[in-house]
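Everything below belongs to work_9.cif, which stores mmCIF, C-alpha atoms.
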data_data
loop_
_atom_site.group_PDB
_atom_site.id
_atom_site.type_symbol
_atom_site.label_atom_id
_atom_site.label_comp_id
_atom_site.auth_asym_id
_atom_site.auth_seq_id
_atom_site.Cartn_x
_atom_site.Cartn_y
_atom_site.Cartn_z
ATOM 1 C CA MET A 28 99.441 67.010 119.510
ATOM 2 C CA ASN A 29 98.634 66.367 115.844
ATOM 3 C CA PHE A 30 95.114 65.293 116.809
ATOM 4 C CA LEU A 31 94.506 68.495 118.777
ATOM 5 C CA LEU A 32 95.939 70.598 115.946
ATOM 6 C CA SER A 33 93.607 68.854 113.513
ATOM 7 C CA ILE A 34 90.545 69.593 115.657
ATOM 8 C CA ALA A 35 91.565 73.236 116.020
ATOM 9 C CA PHE A 36 92.200 73.499 112.273
ATOM 10 C CA VAL A 37 88.782 72.081 111.349
ATOM 11 C CA LEU A 38 86.995 74.471 113.719
ATOM 12 C CA CYS A 39 88.999 77.532 112.681
ATOM 13 C CA TRP A 40 88.749 76.840 108.950
ATOM 14 C CA SER A 41 85.003 76.144 109.196
ATOM 15 C CA SER A 42 84.594 79.427 111.056
ATOM 16 C CA GLY A 43 85.537 81.247 107.854
ATOM 17 C CA PHE A 44 82.336 80.138 106.134
ATOM 18 C CA ILE A 45 80.298 81.177 109.167
ATOM 19 C CA GLY A 46 82.070 84.540 109.361
ATOM 20 C CA ALA A 47 81.354 85.163 105.676
ATOM 21 C CA LYS A 48 77.684 84.447 106.348
ATOM 22 C CA LEU A 49 77.713 86.807 109.340
ATOM 23 C CA GLY A 50 79.021 89.682 107.252
ATOM 24 C CA ALA A 51 77.047 88.956 104.080
ATOM 25 C CA GLY A 52 73.952 90.705 105.363
ATOM 26 C CA SER A 53 75.673 94.038 105.999
ATOM 27 C CA ALA A 54 78.255 94.453 103.210
ATOM 28 C CA SER A 55 79.492 93.121 99.880
ATOM 29 C CA ALA A 56 82.126 90.396 99.660
ATOM 30 C CA VAL A 57 84.987 92.719 98.662
ATOM 31 C CA THR A 58 84.104 95.187 101.439
ATOM 32 C CA ILE A 59 84.318 92.450 104.052
ATOM 33 C CA LEU A 60 87.563 91.125 102.623
ATOM 34 C CA MET A 61 89.114 94.584 102.345
ATOM 35 C CA TRP A 62 88.498 95.381 106.009
ATOM 36 C CA ARG A 63 89.474 91.893 107.063
ATOM 37 C CA PHE A 64 92.978 92.282 105.598
ATOM 38 C CA LEU A 65 93.761 96.004 105.466
ATOM 39 C CA PRO A 66 94.137 96.692 109.235
ATOM 40 C CA LEU A 67 95.835 93.330 109.723
ATOM 41 C CA ALA A 68 98.344 94.051 106.939
ATOM 42 C CA VAL A 69 99.207 97.448 108.426
ATOM 43 C CA ILE A 70 99.869 95.916 111.845
ATOM 44 C CA LEU A 71 101.994 93.113 110.399
ATOM 45 C CA ILE A 72 104.034 95.519 108.254
ATOM 46 C CA VAL A 73 104.755 97.715 111.299
ATOM 47 C CA ILE A 74 105.887 94.643 113.239
ATOM 48 C CA ALA A 75 108.046 93.552 110.301
ATOM 49 C CA THR A 76 109.638 97.012 110.128
ATOM 50 C CA VAL A 77 110.543 96.950 113.814
ATOM 51 C CA SER A 78 111.835 93.358 113.764
ATOM 52 C CA LYS A 79 113.878 92.678 110.626
ATOM 53 C CA THR A 80 115.538 89.447 111.748
ATOM 54 C CA SER A 81 113.149 87.100 109.934
ATOM 55 C CA TRP A 82 113.630 88.959 106.630
ATOM 56 C CA ARG A 83 117.394 88.627 106.495
ATOM 57 C CA GLY A 84 118.730 86.539 103.633
ATOM 58 C CA LEU A 85 115.456 86.476 101.705
ATOM 59 C CA ALA A 86 115.790 87.034 97.973
ATOM 60 C CA VAL A 87 113.311 89.057 95.949
ATOM 61 C CA ARG A 88 112.141 85.870 94.226
ATOM 62 C CA ASP A 89 111.312 84.336 97.620
ATOM 63 C CA VAL A 90 109.098 87.272 98.554
ATOM 64 C CA ALA A 91 107.525 87.211 95.087
ATOM 65 C CA ARG A 92 106.775 83.504 95.498
ATOM 66 C CA GLN A 93 105.079 84.161 98.834
ATOM 67 C CA ALA A 94 103.069 86.963 97.231
ATOM 68 C CA MET A 95 101.832 84.552 94.549
ATOM 69 C CA ILE A 96 100.944 81.997 97.230
ATOM 70 C CA GLY A 97 98.982 84.735 99.017
ATOM 71 C CA VAL A 98 97.115 85.581 95.800
ATOM 72 C CA LEU A 99 96.119 81.941 95.335
ATOM 73 C CA SER A 100 95.489 80.833 98.927
ATOM 74 C CA GLN A 101 93.792 83.976 100.213
ATOM 75 C CA SER A 102 92.683 86.360 97.463
ATOM 76 C CA GLY A 103 91.532 83.816 94.887
ATOM 77 C CA TYR A 104 90.138 81.312 97.343
ATOM 78 C CA LEU A 105 88.328 83.705 99.672
ATOM 79 C CA LEU A 106 86.850 85.901 96.950
ATOM 80 C CA THR A 107 85.102 82.925 95.361
ATOM 81 C CA VAL A 108 83.829 81.629 98.704
ATOM 82 C CA TYR A 109 82.458 85.003 99.799
ATOM 83 C CA TYR A 110 80.975 85.764 96.385
ATOM 84 C CA ALA A 111 79.185 82.402 96.291
ATOM 85 C CA ILE A 112 77.684 82.984 99.742
ATOM 86 C CA GLN A 113 76.685 86.511 98.695
ATOM 87 C CA LEU A 114 74.846 85.010 95.692
ATOM 88 C CA GLY A 115 72.803 82.820 98.003
ATOM 89 C CA VAL A 116 74.802 79.600 98.210
ATOM 90 C CA SER A 117 74.584 78.377 101.805
ATOM 91 C CA SER A 118 77.691 78.254 103.973
ATOM 92 C CA GLY A 119 77.343 74.481 104.251
ATOM 93 C CA THR A 120 77.079 73.955 100.494
ATOM 94 C CA THR A 121 80.082 76.192 99.842
ATOM 95 C CA ALA A 122 82.111 74.109 102.275
ATOM 96 C CA LEU A 123 80.800 70.941 100.639
ATOM 97 C CA ILE A 124 82.050 71.985 97.213
ATOM 98 C CA ASP A 125 85.360 72.729 98.897
ATOM 99 C CA GLY A 126 85.391 69.102 100.013
ATOM 100 C CA VAL A 127 86.518 67.760 96.638
ATOM 101 C CA GLN A 128 89.911 69.399 97.185
ATOM 102 C CA PRO A 129 91.482 66.299 98.824
ATOM 103 C CA LEU A 130 90.862 64.190 95.724
ATOM 104 C CA VAL A 131 92.508 66.787 93.492
ATOM 105 C CA ALA A 132 95.451 67.277 95.862
ATOM 106 C CA GLY A 133 95.816 63.533 96.423
ATOM 107 C CA ALA A 134 95.881 62.817 92.701
ATOM 108 C CA LEU A 135 98.561 65.457 92.116
ATOM 109 C CA ALA A 136 100.708 64.755 95.188
ATOM 110 C CA GLY A 137 102.456 61.799 93.563
ATOM 111 C CA PRO A 138 103.699 63.295 90.278
ATOM 112 C CA LEU A 139 104.421 66.730 91.753
ATOM 113 C CA LEU A 140 105.780 66.017 95.250
ATOM 114 C CA ARG A 141 106.572 62.279 95.307
ATOM 115 C CA GLN A 142 104.089 61.918 98.170
ATOM 116 C CA TYR A 143 102.325 58.896 96.729
ATOM 117 C CA VAL A 144 98.941 57.894 98.085
ATOM 118 C CA SER A 145 98.476 54.299 99.255
ATOM 119 C CA ARG A 146 95.488 52.136 98.361
ATOM 120 C CA LYS A 147 94.011 52.518 101.832
ATOM 121 C CA GLN A 148 94.395 56.279 101.587
ATOM 122 C CA TRP A 149 92.683 56.305 98.182
ATOM 123 C CA LEU A 150 89.868 54.301 99.760
ATOM 124 C CA GLY A 151 89.557 56.948 102.455
ATOM 125 C CA LEU A 152 89.620 59.757 99.910
ATOM 126 C CA CYS A 153 86.856 58.150 97.851
ATOM 127 C CA LEU A 154 84.879 57.467 101.023
ATOM 128 C CA GLY A 155 85.179 61.125 101.937
ATOM 129 C CA ALA A 156 83.991 62.166 98.486
ATOM 130 C CA SER A 157 80.918 59.978 98.993
ATOM 131 C CA GLY A 158 80.148 61.750 102.260
ATOM 132 C CA VAL A 159 80.505 65.117 100.549
ATOM 133 C CA ALA A 160 78.144 64.012 97.753
ATOM 134 C CA ILE A 161 75.508 62.877 100.251
ATOM 135 C CA VAL A 162 75.476 66.190 102.104
ATOM 136 C CA THR A 163 75.592 68.144 98.837
ATOM 137 C CA MET A 164 72.460 66.411 97.569
ATOM 138 C CA ALA A 165 70.733 67.089 100.892
ATOM 139 C CA ASP A 166 71.514 70.812 100.685
ATOM 140 C CA ALA A 167 70.509 71.001 97.018
ATOM 141 C CA ALA A 168 67.186 69.353 97.802
ATOM 142 C CA ALA A 169 66.526 71.925 100.532
ATOM 143 C CA GLY A 170 66.981 74.750 98.001
ATOM 144 C CA THR A 171 68.649 78.127 98.631
ATOM 145 C CA GLY A 172 67.358 80.200 95.709
ATOM 146 C CA ALA A 173 70.845 80.623 94.214
ATOM 147 C CA ALA A 174 71.384 80.360 90.454
ATOM 148 C CA TRP A 175 72.850 77.064 89.224
ATOM 149 C CA TRP A 176 76.060 78.713 88.031
ATOM 150 C CA ALA A 177 76.691 80.139 91.512
ATOM 151 C CA TYR A 178 77.550 76.611 92.663
ATOM 152 C CA LEU A 179 80.446 76.524 90.179
ATOM 153 C CA ILE A 180 82.201 79.527 91.738
ATOM 154 C CA PRO A 181 83.550 77.720 94.842
ATOM 155 C CA PHE A 182 85.236 75.201 92.540
ATOM 156 C CA LEU A 183 87.461 78.012 91.249
ATOM 157 C CA GLY A 184 88.499 78.795 94.809
ATOM 158 C CA MET A 185 89.188 75.132 95.509
ATOM 159 C CA PHE A 186 91.578 74.893 92.551
ATOM 160 C CA SER A 187 93.213 78.149 93.637
ATOM 161 C CA LEU A 188 93.965 76.757 97.102
ATOM 162 C CA VAL A 189 95.266 73.486 95.662
ATOM 163 C CA ALA A 190 97.641 75.454 93.433
ATOM 164 C CA ALA A 191 98.869 77.472 96.422
ATOM 165 C CA THR A 192 99.455 74.283 98.407
ATOM 166 C CA PHE A 193 101.685 72.764 95.751
ATOM 167 C CA LEU A 194 103.491 76.022 95.045
ATOM 168 C CA GLU A 195 104.398 76.298 98.739
ATOM 169 C CA SER A 196 105.316 72.633 99.074
ATOM 170 C CA ARG A 197 107.783 72.841 96.180
ATOM 171 C CA SER A 198 109.530 75.893 97.606
ATOM 172 C CA ARG A 199 113.175 75.432 98.636
ATOM 173 C CA ALA A 200 113.414 78.637 100.659
ATOM 174 C CA GLN A 201 112.936 78.526 104.420
ATOM 175 C CA VAL A 202 110.506 81.379 105.059
ATOM 176 C CA ALA A 203 109.575 82.274 108.636
ATOM 177 C CA PRO A 204 105.844 82.133 109.449
ATOM 178 C CA ALA A 205 105.807 85.838 110.370
ATOM 179 C CA VAL A 206 107.229 86.724 106.958
ATOM 180 C CA SER A 207 104.848 84.597 104.937
ATOM 181 C CA MET A 208 101.872 85.832 106.966
ATOM 182 C CA THR A 209 102.874 89.451 106.375
ATOM 183 C CA VAL A 210 103.349 88.966 102.630
ATOM 184 C CA HIS A 211 100.119 87.002 102.203
ATOM 185 C CA CYS A 212 98.006 89.482 104.134
ATOM 186 C CA ALA A 213 99.614 92.531 102.511
ATOM 187 C CA THR A 214 99.010 91.068 99.049
ATOM 188 C CA SER A 215 95.380 90.342 99.884
ATOM 189 C CA ALA A 216 94.929 93.827 101.370
ATOM 190 C CA VAL A 217 96.189 95.460 98.162
ATOM 191 C CA ILE A 218 93.991 93.306 95.915
ATOM 192 C CA PHE A 219 90.794 93.630 97.926
ATOM 193 C CA THR A 220 91.268 97.357 98.551
ATOM 194 C CA ALA A 221 91.724 97.934 94.818
ATOM 195 C CA LEU A 222 88.590 95.896 94.056
ATOM 196 C CA ALA A 223 86.518 97.670 96.720
ATOM 197 C CA VAL A 224 87.635 101.158 95.669
ATOM 198 C CA SER A 225 87.021 100.464 91.981
ATOM 199 C CA ALA A 226 83.550 99.133 92.799
ATOM 200 C CA GLY A 227 82.753 102.072 95.086
ATOM 201 C CA VAL A 228 82.154 99.888 98.143
ATOM 202 C CA ALA A 229 85.271 100.650 100.200
ATOM 203 C CA LYS A 230 83.394 102.501 102.965
ATOM 204 C CA PRO A 231 82.599 100.071 105.793
ATOM 205 C CA PRO A 232 79.079 99.963 107.247
ATOM 206 C CA ALA A 233 78.529 101.141 110.806
ATOM 207 C CA GLU A 234 76.581 98.031 111.854
ATOM 208 C CA PHE A 235 77.929 96.097 114.826
ATOM 209 C CA SER A 236 77.393 92.813 112.951
ATOM 210 C CA PHE A 237 79.912 93.869 110.313
ATOM 211 C CA TRP A 238 82.730 94.566 112.777
ATOM 212 C CA ALA A 239 81.841 91.470 114.774
ATOM 213 C CA ALA A 240 82.245 89.447 111.583
ATOM 214 C CA ILE A 241 85.587 91.143 110.827
ATOM 215 C CA THR A 242 86.906 90.354 114.326
ATOM 216 C CA TRP A 243 85.681 86.775 113.994
ATOM 217 C CA LEU A 244 87.397 86.339 110.621
ATOM 218 C CA VAL A 245 90.733 87.836 111.644
ATOM 219 C CA ALA A 246 91.050 85.919 114.906
ATOM 220 C CA LEU A 247 89.689 82.520 113.914
ATOM 221 C CA SER A 248 90.002 82.253 110.142
ATOM 222 C CA THR A 249 93.188 84.155 109.310
ATOM 223 C CA PHE A 250 95.395 83.311 112.278
ATOM 224 C CA GLY A 251 93.745 80.025 113.224
ATOM 225 C CA GLY A 252 92.607 78.602 109.895
ATOM 226 C CA TYR A 253 95.441 79.559 107.557
ATOM 227 C CA GLY A 254 98.136 79.315 110.187
ATOM 228 C CA LEU A 255 97.164 75.766 111.133
ATOM 229 C CA TYR A 256 96.713 74.776 107.487
ATOM 230 C CA TRP A 257 100.340 75.507 106.637
ATOM 231 C CA LEU A 258 101.589 74.082 109.949
ATOM 232 C CA ILE A 259 99.810 70.744 109.478
ATOM 233 C CA LEU A 260 100.886 70.667 105.834
ATOM 234 C CA ARG A 261 104.510 70.882 106.961
ATOM 235 C CA ARG A 262 104.121 68.247 109.688
ATOM 236 C CA SER A 263 101.870 65.709 107.941
ATOM 237 C CA GLY A 264 101.987 66.265 104.175
ATOM 238 C CA VAL A 265 99.532 67.269 101.462
ATOM 239 C CA THR A 266 97.269 64.209 101.532
ATOM 240 C CA LYS A 267 96.581 64.235 105.270
ATOM 241 C CA VAL A 268 96.017 67.965 105.648
ATOM 242 C CA ASN A 269 93.639 67.987 102.702
ATOM 243 C CA THR A 270 91.757 64.963 104.016
ATOM 244 C CA LEU A 271 90.712 67.150 106.951
ATOM 245 C CA MET A 272 88.891 69.273 104.367
ATOM 246 C CA PHE A 273 86.290 66.484 104.199
ATOM 247 C CA LEU A 274 85.225 67.497 107.710
ATOM 248 C CA MET A 275 84.679 71.158 106.816
ATOM 249 C CA ALA A 276 81.402 70.529 105.026
ATOM 250 C CA PRO A 277 79.501 68.633 107.754
ATOM 251 C CA VAL A 278 80.988 70.763 110.554
ATOM 252 C CA THR A 279 79.980 73.939 108.733
ATOM 253 C CA ALA A 280 76.534 72.451 108.062
ATOM 254 C CA VAL A 281 76.047 71.795 111.790
ATOM 255 C CA TRP A 282 77.332 75.252 112.661
ATOM 256 C CA GLY A 283 75.124 76.883 110.034
ATOM 257 C CA ALA A 284 72.090 74.978 111.293
ATOM 258 C CA LEU A 285 72.678 76.142 114.856
ATOM 259 C CA MET A 286 73.439 79.802 114.035
ATOM 260 C CA PHE A 287 71.387 80.496 110.907
ATOM 261 C CA GLY A 288 68.735 77.769 110.844
ATOM 262 C CA GLU A 289 70.156 76.180 107.698
ATOM 263 C CA PRO A 290 68.732 72.689 107.026
ATOM 264 C CA PHE A 291 70.394 69.742 108.777
ATOM 265 C CA GLY A 292 68.740 66.360 108.370
ATOM 266 C CA PRO A 293 69.580 62.645 108.400
ATOM 267 C CA GLN A 294 71.513 62.873 105.124
ATOM 268 C CA THR A 295 73.795 65.552 106.541
ATOM 269 C CA ALA A 296 74.368 63.456 109.661
ATOM 270 C CA LEU A 297 75.222 60.459 107.465
ATOM 271 C CA GLY A 298 77.670 62.565 105.472
ATOM 272 C CA LEU A 299 79.343 63.676 108.716
ATOM 273 C CA ALA A 300 79.787 60.055 109.814
ATOM 274 C CA ILE A 301 81.251 59.052 106.444
ATOM 275 C CA GLY A 302 83.588 62.045 106.501
ATOM 276 C CA LEU A 303 84.882 61.030 109.927
ATOM 277 C CA ALA A 304 85.428 57.479 108.694
ATOM 278 C CA ALA A 305 87.350 58.796 105.693
ATOM 279 C CA VAL A 306 89.741 60.761 107.908
ATOM 280 C CA VAL A 307 90.391 57.702 110.083
ATOM 281 C CA VAL A 308 91.097 55.499 107.029
ATOM 282 C CA VAL A 309 93.528 58.000 105.508
ATOM 283 C CA TYR A 310 95.338 58.796 108.759
ATOM 284 C CA TYR A 311 95.816 55.163 109.697
ATOM 285 C CA GLY A 312 96.278 53.788 106.191
ATOM 286 C CA ASP A 313 99.564 52.597 104.714
ATOM 287 C CA THR A 314 101.862 55.634 104.746
ATOM 288 C CA SER A 315 105.080 53.881 103.836
ATOM 289 C CA ALA A 316 105.433 55.853 100.628
ATOM 290 C CA THR A 317 104.989 59.090 102.510
ATOM 291 C CA ARG A 318 107.598 58.047 105.062
ATOM 292 C CA VAL A 319 110.088 57.327 102.273
ATOM 293 C CA CYS A 320 109.423 60.741 100.810
ATOM 294 C CA ALA A 321 109.811 62.369 104.220
ATOM 295 C CA ARG A 322 113.111 60.540 104.793
ATOM 296 C CA ASP A 323 114.402 61.736 101.426
ATOM 297 C CA MET A 324 113.387 65.272 102.239
ATOM 298 C CA ASP A 325 115.161 65.153 105.582
ATOM 299 C CA THR A 326 118.379 64.071 103.861
ATOM 300 C CA GLY A 327 118.149 66.787 101.253
ATOM 301 C CA GLU A 328 117.207 64.532 98.325
ATOM 302 C CA ALA A 329 113.931 66.361 97.726
ATOM 303 C CA SER A 330 112.778 69.937 97.962
ATOM 304 C CA LYS A 331 112.185 70.942 101.560
ATOM 305 C CA PRO A 332 108.916 72.680 102.296
ATOM 306 C CA ALA A 333 109.129 76.143 103.725
ATOM 307 C CA LYS A 334 107.950 77.231 107.136
ATOM 308 C CA PHE A 335 104.375 78.309 106.683
ATOM 309 C CA GLY A 336 102.094 81.057 107.854
ATOM 310 C CA ALA A 337 98.828 82.539 106.682
#
Could you take the file, read its structure, and then write that structure out as structure tokens?
Amino acid sequence: MNFLLSIAFVLCWSSGFIGAKLGAGSASAVTILMWRFLPLAVILIVIATVSKTSWRGLAVRDVARQAMIGVLSQSGYLLTVYYAIQLGVSSGTTALIDGVQPLVAGALAGPLLRQYVSRKQWLGLCLGASGVAIVTMADAAAGTGAAWWAYLIPFLGMFSLVAATFLESRSRAQVAPAVSMTVHCATSAVIFTALAVSAGVAKPPAEFSFWAAITWLVALSTFGGYGLYWLILRRSGVTKVNTLMFLMAPVTAVWGALMFGEPFGPQTALGLAIGLAAVVVVYYGDTSATRVCARDMDTGEASKPAKFGA
């Protein structure tokens, strides 16, 4: 089951980069993001109003915490990704820069969550970083016409998502997935609508490609990508879920090559193979420290992670 969830997560999360590329030709980043979240937020709020069971017992601080997680994991992360692609950074390169997230999360998991990373897992993480570097150099050599500083923007989104991951993992409140999804999407809808209106780009284009991209993003990226991210985080821990991020870059590169003709050569193929090896090493490495942490959490000796939802 975990293996199938991992495959679905990689495909759904990678689809977000492809969906951003699909919509980039017909609208600005904030326009796409506004119409990705606004209708979805309205639907979720209506459902929440009709069914109030999941909201019972939640304190204001719990909802506020989920709102902050939504700002970091959706608003901050997605805005940087979409803006980078709009500036000309390829979908594959944006995903590649995202690939350094496991190293950051792995380094912080010990002191913040007591989920210490074993030597074999560190080996896998470093191996994955090597694969990311190989594919990054291949994409940079191909050239996209984007300014050098545009490649720094996805790093901001990566740190934003890492912060959201740890903020959620340290939460003591048990929040139902439907609640967290509603709060996250409503927060993003407010932020992106405000940005689009202030920039004068709130009106959606009439092109079919725009609405096809919106449908793609809502179905695959929001429900599939974010939903599976939090689910796997709860089941497997920070290190393992973030190790899957190593696969986003090569998978997105293959997808981008097939759909948009983005370059995919031997170096990209090598990076894909190394990324796969990294995931195997981390997943089958020594996880005794993680098991101890999980046992402590089950007995109430550590903060229990909340139930997640995008």
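Proximity of A:Ser248, A:Ser263, A:Thr279, A:Thr242 to Pro66 of chain A, computed with all atoms listed in the file, is greatest for A:Thr242.
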Checklist entry - Written as a VMD selection string, which residues does the PyMOL selection byres ((chain A and resi 159-161) around 12) give for the file shown? => result chain A and resid 119 to 130 152 to 158 162 to 168 270 272 to 278 280 292 to 303 305
Can you write out the residues you just picked, keeping C-alpha atoms, as a short mmCIF file (atom, residue, chain, number, x, y, z; two decimals), in the coordinates of the input?
data_model
loop_
_atom_site.label_atom_id
_atom_site.label_comp_id
_atom_site.auth_asym_id
_atom_site.auth_seq_id
_atom_site.Cartn_x
_atom_site.Cartn_y
_atom_site.Cartn_z
CA GLY A 119 77.34 74.48 104.25
CA THR A 120 77.08 73.96 100.49
CA THR A 121 80.08 76.19 99.84
CA ALA A 122 82.11 74.11 102.28
CA LEU A 123 80.80 70.94 100.64
CA ILE A 124 82.05 71.98 97.21
CA ASP A 125 85.36 72.73 98.90
CA GLY A 126 85.39 69.10 100.01
CA VAL A 127 86.52 67.76 96.64
CA GLN A 128 89.91 69.40 97.18
CA PRO A 129 91.48 66.30 98.82
CA LEU A 130 90.86 64.19 95.72
CA LEU A 152 89.62 59.76 99.91
CA CYS A 153 86.86 58.15 97.85
CA LEU A 154 84.88 57.47 101.02
CA GLY A 155 85.18 61.12 101.94
CA ALA A 156 83.99 62.17 98.49
CA SER A 157 80.92 59.98 98.99
CA GLY A 158 80.15 61.75 102.26
CA VAL A 162 75.48 66.19 102.10
CA THR A 163 75.59 68.14 98.84
CA MET A 164 72.46 66.41 97.57
CA ALA A 165 70.73 67.09 100.89
CA ASP A 166 71.51 70.81 100.68
CA ALA A 167 70.51 71.00 97.02
CA ALA A 168 67.19 69.35 97.80
CA THR A 270 91.76 64.96 104.02
CA MET A 272 88.89 69.27 104.37
CA PHE A 273 86.29 66.48 104.20
CA LEU A 274 85.22 67.50 107.71
CA MET A 275 84.68 71.16 106.82
CA ALA A 276 81.40 70.53 105.03
CA PRO A 277 79.50 68.63 107.75
CA VAL A 278 80.99 70.76 110.55
CA ALA A 280 76.53 72.45 108.06
CA GLY A 292 68.74 66.36 108.37
CA PRO A 293 69.58 62.64 108.40
CA GLN A 294 71.51 62.87 105.12
CA THR A 295 73.80 65.55 106.54
CA ALA A 296 74.37 63.46 109.66
CA LEU A 297 75.22 60.46 107.46
CA GLY A 298 77.67 62.56 105.47
CA LEU A 299 79.34 63.68 108.72
CA ALA A 300 79.79 60.06 109.81
CA ILE A 301 81.25 59.05 106.44
CA GLY A 302 83.59 62.04 106.50
CA LEU A 303 84.88 61.03 109.93
CA ALA A 305 87.35 58.80 105.69
#
Next on the checklist: Here is a test: counting only C-alpha atoms, which residue of A:Val228, A:Ile45, A:Val308, A:Ile96 is nearest to Leu194 of chain A?
Outcome noted: A:Ile96
Checklist entry - When you draw a straight line from atom CA of Phe291 of chain A to atom CA of Val245 of chain A, how long is it in Å? => result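 Answer for the atom CA of Phe291 of chain A to atom CA of Val245 of chain A separation: 27.4 Å.
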Checklist entry - In Å, how far is it from atom CA of Gly50 of chain A to atom CA of Ala75 of chain A? => result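 These two atoms are separated by 29.4 Å.
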Next on the checklist: Rounded to one decimal, what separation in Å do you get between atom CA of Ala94 of chain A and atom CA of Ser207 of chain A?
Outcome noted: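 Taking atom CA of Ala94 of chain A and atom CA of Ser207 of chain A, their separation equals 8.3 Å.
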Next on the checklist: As a check of understanding, name the residues that the PyMOL selection byres ((chain A and resi 251-256) around 9) selects in the supplied structure, as a ChimeraX atom specification.
Outcome noted: /A:32-33,35-43,100-101,204,208,245-250,257-261,268-269,335-337
Item to check | Within 9 Å of file point (90.1, 91.9, 97.0), counting only C-alpha atoms, expressed as JSON, numbers by chain | outcome: {"A": [56, 57, 58, 60, 61, 102, 103, 105, 106, 215, 216, 217, 218, 219, 220, 221, 222, 223]}
Item to check | Best match for closeness to Gly151 of chain A among A:Lys267, A:Arg63, A:Lys230, A:His211, counting all atoms listed in the file | outcome: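 Of all the options, A:Lys267 lies closest to Gly151 of chain A.
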Checklist entry - With all atoms listed in the file as the basis for distance, which of A:Leu71, A:Val224, A:Ala200, A:Leu271 is at the shortest distance from Asn29 of chain A? => result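 With all atoms listed in the file as the atom set, the closest residue is A:Leu271.
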Keeping C-alpha atoms, write segment 36-80 of chain A of the structure just shown out as a CSV table (one decimal), in the first residue's frame.
chain,number,residue,atom,x,y,z
A,36,PHE,CA,2.2,10.9,-4.9
A,37,VAL,CA,5.1,11.3,-7.2
A,38,LEU,CA,2.9,11.4,-10.3
A,39,CYS,CA,0.3,13.8,-8.7
A,40,TRP,CA,3.0,16.1,-7.3
A,41,SER,CA,4.9,16.2,-10.6
A,42,SER,CA,1.7,17.0,-12.4
A,43,GLY,CA,1.7,20.4,-10.6
A,44,PHE,CA,4.7,21.5,-12.5
A,45,ILE,CA,3.2,20.4,-15.8
A,46,GLY,CA,-0.1,22.1,-15.0
A,47,ALA,CA,1.7,25.3,-14.3
A,48,LYS,CA,3.4,25.0,-17.7
A,49,LEU,CA,0.1,24.3,-19.4
A,50,GLY,CA,-1.5,27.5,-17.9
A,51,ALA,CA,1.6,29.8,-18.3
A,52,GLY,CA,0.9,30.5,-21.9
A,53,SER,CA,-2.6,31.9,-21.3
A,54,ALA,CA,-2.5,33.7,-18.0
A,55,SER,CA,-0.2,35.1,-15.3
A,56,ALA,CA,0.8,33.0,-12.3
A,57,VAL,CA,-1.6,34.7,-9.8
A,58,THR,CA,-4.5,34.4,-12.2
A,59,ILE,CA,-4.0,30.7,-12.5
A,60,LEU,CA,-3.6,30.3,-8.8
A,61,MET,CA,-6.6,32.5,-8.0
A,62,TRP,CA,-8.9,30.4,-10.2
A,63,ARG,CA,-7.3,27.2,-9.0
A,64,PHE,CA,-8.3,27.9,-5.4
A,65,LEU,CA,-11.3,30.2,-5.4
A,66,PRO,CA,-14.0,27.8,-6.8
A,67,LEU,CA,-12.5,25.0,-4.7
A,68,ALA,CA,-12.6,27.0,-1.5
A,69,VAL,CA,-16.2,28.0,-2.1
A,70,ILE,CA,-17.2,24.3,-2.6
A,71,LEU,CA,-15.3,23.2,0.5
A,72,ILE,CA,-16.7,26.0,2.7
A,73,VAL,CA,-20.3,25.0,1.6
A,74,ILE,CA,-19.5,21.4,2.5
A,75,ALA,CA,-18.1,22.4,5.8
A,76,THR,CA,-21.2,24.5,6.6
A,77,VAL,CA,-23.5,21.6,5.9
A,78,SER,CA,-21.4,19.1,7.8
A,79,LYS,CA,-20.0,20.6,11.1
A,80,THR,CA,-19.0,17.3,12.8
